[in-house]
Amino acid sequence: MAKFKVMVTDKLSDKGVKVFQADKDIQCDVLPTPSPEDLLKIIPEYDALVIRSATNVTAEVLAAGKKLKVVGRAGVGLDNVDIPAATRSGVIVMNTPDGNTISAAEHTVALILALARKIPQAHQSLKEKKWERNKFMGMELYGKTLGVIGLGRIGFEVAKRCRAFEMRILAYDPYATPEKAALVGAELMTVEEILAQADIVTVHVPKTKETTNLINAESLKKCKKGIRFINVARGGIYNEADLAEALKSGQVAGAGIDVFSEEPPTGNPLLDADNVVLTPHLGASTEEAQVNVADVVAKQIVDALHGRTIANAVNIPSISLEDWKAVQPYYRMAQNLGRFAGQFFGGQMKSVEVSYGGEVAKMKPDALTRVVLKELLEPSFEDHVNEVNIQMFAKEKGIKVTESKVDTGDFTTHMGLKVETNTGVRVLEAASSGSSTQIVNLDGFRVAIPTEGSLIIFFNKDLPGMIGKATTALGEAGVNISSLTNGRKEKGGDAVTVINVDGEVADAVVGKLNAIAGVKNATVVKL
């Protein structure tokens, strides 16, 4: 019987389906885009959902998907996925941002050329048996200025291709460096500067609160008269009503639009404009792109289900295969560190500092920090928590999370926790040398605690016979001891005792330990 069930909705290339079918642990069901009602009924059975743009993954769907671990979009846009709800549900959301880069870039250039030379209108005229050469006077791209808003993957490829037409390239991207811009001969400018100078503007940014209606009536007034606009990114980046009005007035000479705020764009004012070239969301519609995104998203989901790498996730930091292999030896160490502290530390947590030293400090720590936090905070949350949503929950609870690097001393690897609660500061440190991992510091007590099995931990006075009384009580209760470690700060002062035992430890046994004079806070921790 398969370990995982994957549902594929919308149309996905067979190459992606075959990736799932080749994995003996996965059952893949291809269901033509189900209705919202049907999706709610069947989603509880599935571990993964593969979509394109037709299926809406709402908060309701995510809440119903009790087994759901990952939603994969064969493409870039995720307007149809409630990402905050997915994060709260602990569901990884991933897309394939590189799969259709070339297709989208080429479609952008196709729209620029079609708009500049009025190709669709001339084609239609000739199909109507007309010969109107003078009506379709075009514009050369040579020497013209192209404004690229968003110099990411697609914007970069568009700029590179338009550079071949010997166009001047202006670009805006808050994350682009001058060095990157120079690779395509682009000059970095503000959006306002681009609108004032460009003959053609193309947008390649995601649709966010900041980019919705980025180009509107106010900004259109500041444009160079006769400017042309292209959109193969997301509908709504241009205010379509304002753009239609500017096309009508002549402030904007033309527009090439592939995406719309509502699709299909019924009633959209751009449909009535003559000086436009419109296509029905074809940016990624090439055979090559569809095969590529299907193959990539399927492989990403297989890796995620098997607990390997997480690639192209939008609600959790992605980790490369190389980085994943590097952190794997420390995964259990992080798990046990957080699990120990989560069971042993009490009080309301205010802040958590996770420290790294030695070999592990050379790696990207975020993946391990999430593991530590999940185990540490899980006992404090009523909600289902995992490595996807734990940082969001911690933030909501007002718990400040930080990372730091420390010296390892005699150990090759160090991982530590410093937790501030309403009762004080608690400390726990784990270290390894070779294949052996131990807890080496518990609230300032130097110890050597094996990180496995059931542990009985208690604080006691450093007096003769204390450990004997505790072990006698355990023996009388039929609890077998496998190992024991003790730590103290000074002779005759406070000490901590940790006893590894076989099997379960009943609450009554813990009660007997706490009844011994000089023993306090006896607790069982299971690793």
# chains A, B, ... in the order shown; residues from 1 in each chain; ligands from 1

$ select_by_dssp --residues "segment 267-397 of chain A" --states "strand (DSSP E or B)" --output "count of residues only"
16

$ residues_around --residues "Gly150 of chain A" --least-positions-apart "3" --cutoff "10 Å" --atoms "only C-alpha atoms" --output "mmCIF file with N, CA and C atoms, in the first residue's frame"
data_model
loop_
_atom_site.group_PDB
_atom_site.id
_atom_site.type_symbol
_atom_site.label_atom_id
_atom_site.label_comp_id
_atom_site.auth_asym_id
_atom_site.auth_seq_id
_atom_site.Cartn_x
_atom_site.Cartn_y
_atom_site.Cartn_z
ATOM 1 N N GLY A 147 11.442 50.163 -20.832
ATOM 2 C CA GLY A 147 11.462 50.154 -19.375
ATOM 3 C C GLY A 147 11.035 48.795 -18.861
ATOM 4 N N ARG A 153 13.967 36.906 -13.034
ATOM 5 C CA ARG A 153 14.293 35.917 -14.064
ATOM 6 C C ARG A 153 13.737 36.298 -15.428
ATOM 7 N N ILE A 154 12.420 36.590 -15.480
ATOM 8 C CA ILE A 154 11.788 36.865 -16.771
ATOM 9 C C ILE A 154 12.193 38.240 -17.289
ATOM 10 N N GLY A 155 12.164 39.231 -16.417
ATOM 11 C CA GLY A 155 12.554 40.577 -16.831
ATOM 12 C C GLY A 155 13.961 40.626 -17.386
ATOM 13 N N PHE A 156 14.850 39.857 -16.766
ATOM 14 C CA PHE A 156 16.239 39.803 -17.221
ATOM 15 C C PHE A 156 16.316 39.223 -18.631
ATOM 16 N N ALA A 171 15.699 49.917 -16.122
ATOM 17 C CA ALA A 171 15.134 48.870 -15.275
ATOM 18 C C ALA A 171 14.926 49.367 -13.855
ATOM 19 N N TYR A 172 13.851 48.866 -13.252
ATOM 20 C CA TYR A 172 13.608 49.089 -11.824
ATOM 21 C C TYR A 172 13.467 47.735 -11.146
ATOM 22 N N ASP A 173 14.227 47.544 -10.089
ATOM 23 C CA ASP A 173 14.096 46.363 -9.249
ATOM 24 C C ASP A 173 14.828 46.652 -7.942
ATOM 25 N N PRO A 174 14.113 46.651 -6.810
ATOM 26 C CA PRO A 174 14.771 47.006 -5.543
ATOM 27 C C PRO A 174 15.873 46.042 -5.132
ATOM 28 N N TYR A 175 15.885 44.844 -5.734
ATOM 29 C CA TYR A 175 16.877 43.838 -5.348
ATOM 30 C C TYR A 175 17.984 43.657 -6.368
ATOM 31 N N ALA A 176 17.868 44.321 -7.491
ATOM 32 C CA ALA A 176 18.881 44.161 -8.539
ATOM 33 C C ALA A 176 20.096 45.030 -8.235
ATOM 34 N N VAL A 191 10.677 53.865 -10.814
ATOM 35 C CA VAL A 191 9.530 53.668 -11.698
ATOM 36 C C VAL A 191 9.142 54.991 -12.348
ATOM 37 N N THR A 202 7.381 47.236 -19.831
ATOM 38 C CA THR A 202 6.891 45.886 -19.552
ATOM 39 C C THR A 202 7.092 45.594 -18.072
ATOM 40 N N VAL A 203 6.101 44.946 -17.453
ATOM 41 C CA VAL A 203 6.172 44.664 -16.009
ATOM 42 C C VAL A 203 6.409 43.173 -15.787
ATOM 43 N N HIS A 204 7.280 42.872 -14.822
ATOM 44 C CA HIS A 204 7.600 41.480 -14.475
ATOM 45 C C HIS A 204 7.772 41.379 -12.961
ATOM 46 N N VAL A 205 6.697 41.723 -12.251
ATOM 47 C CA VAL A 205 6.689 41.682 -10.794
ATOM 48 C C VAL A 205 5.515 40.830 -10.343
ATOM 49 N N PRO A 206 5.564 40.274 -9.132
ATOM 50 C CA PRO A 206 4.415 39.536 -8.624
ATOM 51 C C PRO A 206 3.293 40.495 -8.257
ATOM 52 N N ALA A 233 2.737 39.447 -16.845
ATOM 53 C CA ALA A 233 3.026 39.072 -15.454
ATOM 54 C C ALA A 233 1.741 38.627 -14.750
#

$ closest_atom_pairs --of "segment 13-110 of chain A" --to "segment 284-296 of chain A" --cutoff "10 Å" --atoms "only C-alpha atoms" --output "tab-separated table"
residue	atom	partner	partner_atom	distance
A:Ser13	CA	A:Val291	CA	5.5
A:Asp14	CA	A:Val291	CA	7.8
A:Lys15	CA	A:Asp295	CA	5.7
A:Gly16	CA	A:Asp295	CA	4.3
A:Val17	CA	A:Ala294	CA	7.8
A:Lys18	CA	A:Asp295	CA	8.6
A:Val19	CA	A:Asp295	CA	7.0
A:Phe20	CA	A:Asp295	CA	9.6
A:Val50	CA	A:Ala294	CA	9.2
A:Ile51	CA	A:Ala294	CA	9.8
A:Arg52	CA	A:Ala294	CA	9.7
A:Gly72	CA	A:Ala294	CA	9.7
A:Arg73	CA	A:Val293	CA	8.6
A:Ala74	CA	A:Val293	CA	5.1
A:Gly75	CA	A:Val293	CA	6.0
A:Val76	CA	A:Val293	CA	9.1
A:Asn95	CA	A:Val293	CA	8.7
A:Thr96	CA	A:Val293	CA	6.0
A:Pro97	CA	A:Val293	CA	8.5
A:Asp98	CA	A:Val293	CA	8.0
A:Gly99	CA	A:Val293	CA	4.8
A:Asn100	CA	A:Ala289	CA	4.9
A:Thr101	CA	A:Ala284	CA	7.9
A:Ile102	CA	A:Ala289	CA	8.0
A:Ser103	CA	A:Ala284	CA	5.4
A:Ala104	CA	A:Ala284	CA	5.5
A:Ala105	CA	A:Ala284	CA	9.2
A:Glu106	CA	A:Ala284	CA	9.6
A:His107	CA	A:Ala284	CA	8.2

$ write_last_selection --atoms "C-alpha atoms" --output "compact mmCIF listing (two decimals), in the first residue's frame"
# COMPACT_ATOMS: atom_id res chain seq x y z
CA SER A 13 1.82 17.16 -18.66
CA ASP A 14 2.14 13.38 -18.62
CA LYS A 15 5.81 13.76 -17.75
CA GLY A 16 4.87 15.06 -14.31
CA VAL A 17 2.35 12.28 -13.72
CA LYS A 18 4.97 9.69 -14.67
CA VAL A 19 7.32 11.05 -11.99
CA PHE A 20 4.70 10.17 -9.37
CA VAL A 50 -0.87 19.53 -7.69
CA ILE A 51 -2.62 22.43 -9.39
CA ARG A 52 -2.35 25.03 -12.10
CA GLY A 72 2.48 22.34 -5.72
CA ARG A 73 1.72 24.85 -8.49
CA ALA A 74 2.91 23.85 -11.95
CA GLY A 75 3.74 27.43 -12.83
CA VAL A 76 4.53 30.68 -11.06
CA ASN A 95 5.76 26.74 -7.35
CA THR A 96 8.09 26.42 -10.34
CA PRO A 97 9.43 29.92 -11.00
CA ASP A 98 12.07 28.86 -13.52
CA GLY A 99 9.99 26.44 -15.58
CA ASN A 100 8.33 28.95 -17.87
CA THR A 101 10.89 31.77 -17.80
CA ILE A 102 11.87 31.52 -21.46
CA SER A 103 8.28 31.06 -22.66
CA ALA A 104 7.09 34.15 -20.77
CA ALA A 105 10.07 36.20 -21.95
CA GLU A 106 9.52 35.20 -25.57
CA HIS A 107 5.79 35.97 -25.36

$ closest_residue --among "A:Leu243, A:Val401, A:Met94, A:Val277" --to "Gln300 of chain A" --atoms "only C-alpha atoms"
A:Met94

$ residues_around --residues "segment 326-342 of chain A" --least-positions-apart "4" --cutoff "7 Å" --atoms "only C-alpha atoms" --output "JSON, numbers by chain"
{"A": [322, 368, 371, 372, 373, 375, 376, 377, 379, 430, 451, 525, 527]}

$ residues_around --residues "Leu39 of chain A" --least-positions-apart "6" --cutoff "10 Å" --atoms "only C-alpha atoms" --output "list in words"
Thr9, Leu31, Thr33, Thr55, Asn56, Val57, Val61, Ala64 and Gly65 of chain A

$ closest_atom_pairs --of "segment 243-327 of chain A" --to "segment 387-394 of chain A" --cutoff "10 Å" --atoms "only C-alpha atoms" --output "JSON lines"
{"residue": "A:Asn315", "atom": "CA", "partner": "A:Val388", "partner_atom": "CA", "distance": 7.2}
{"residue": "A:Ile316", "atom": "CA", "partner": "A:Val388", "partner_atom": "CA", "distance": 5.9}
{"residue": "A:Pro317", "atom": "CA", "partner": "A:Val388", "partner_atom": "CA", "distance": 9.0}

$ closest_residue --among "A:Ala311, A:Leu78, A:Val184, A:Leu170" --to "Ala298 of chain A" --atoms "only C-alpha atoms"
A:Ala311

$ residues_around --residues "Phe459 of chain A" --least-positions-apart "4" --cutoff "6 Å" --atoms "only C-alpha atoms" --output "count of residues only"
4

$ atom_distance --atom1 "atom CA of Leu12 of chain A" --atom2 "atom CA of Val297 of chain A"
10.2 Å

$ atom_distance --atom1 "atom CA of Met189 of chain A" --atom2 "atom CA of Ile257 of chain A"
23.7 Å

$ select_by_dssp --residues "segment 286-377 of chain A" --states "alpha helix (DSSP H)" --output "number ranges by chain"
A: 287-305, 321-344, 366-377

$ residues_around --residues "Asn231 of chain A" --least-positions-apart "3" --cutoff "9 Å" --atoms "only C-alpha atoms" --output "list in words"
Thr108, Leu111, Val201, Thr202, Val203, His204, Arg234, Gly235, Ile237, Tyr238, Ala255, Gly256, Ile257, Asp258, Val259 and Phe260 of chain A

$ write_last_selection --atoms "C-alpha atoms" --output "tab-separated table (two decimals), in the first residue's frame"
chain	number	residue	atom	x	y	z
A	108	THR	CA	6.64	39.41	-23.98
A	111	LEU	CA	3.69	41.21	-27.88
A	201	VAL	CA	7.19	49.54	-20.53
A	202	THR	CA	6.89	45.89	-19.55
A	203	VAL	CA	6.17	44.66	-16.01
A	204	HIS	CA	7.60	41.48	-14.48
A	234	ARG	CA	-0.19	39.27	-13.39
A	235	GLY	CA	-3.51	40.95	-14.05
A	237	ILE	CA	-0.69	45.47	-11.92
A	238	TYR	CA	-2.13	47.96	-14.40
A	255	ALA	CA	-0.87	47.96	-25.04
A	256	GLY	CA	-0.04	44.27	-25.28
A	257	ILE	CA	-1.87	42.42	-22.52
A	258	ASP	CA	-1.77	38.71	-21.74
A	259	VAL	CA	-3.16	38.70	-18.18
A	260	PHE	CA	-6.22	40.31	-16.62

$ closest_residue --among "A:Asn480, A:Thr190, A:Asn312, A:Asn521" --to "Thr497 of chain A" --atoms "only C-alpha atoms"
A:Asn521

$ closest_residue --among "A:Leu126, A:Ile301, A:Leu282, A:Ala164" --to "Asp23 of chain A" --atoms "only C-alpha atoms"
A:Ile301

$ closest_residue --among "A:Gly416, A:Gly444, A:Pro32, A:Gly465" --to "Gly487 of chain A" --atoms "only C-alpha atoms"
A:Gly444

$ closest_residue --among "A:Leu195, A:Leu271, A:Val479, A:Val70" --to "Leu455 of chain A" --atoms "only C-alpha atoms"
A:Val479

$ residues_around --residues "segment 223-228 of chain A" --least-positions-apart "3" --cutoff "8 Å" --atoms "only C-alpha atoms" --output "VMD selection string"
chain A and resid 195 to 201 219 to 220 250 to 256
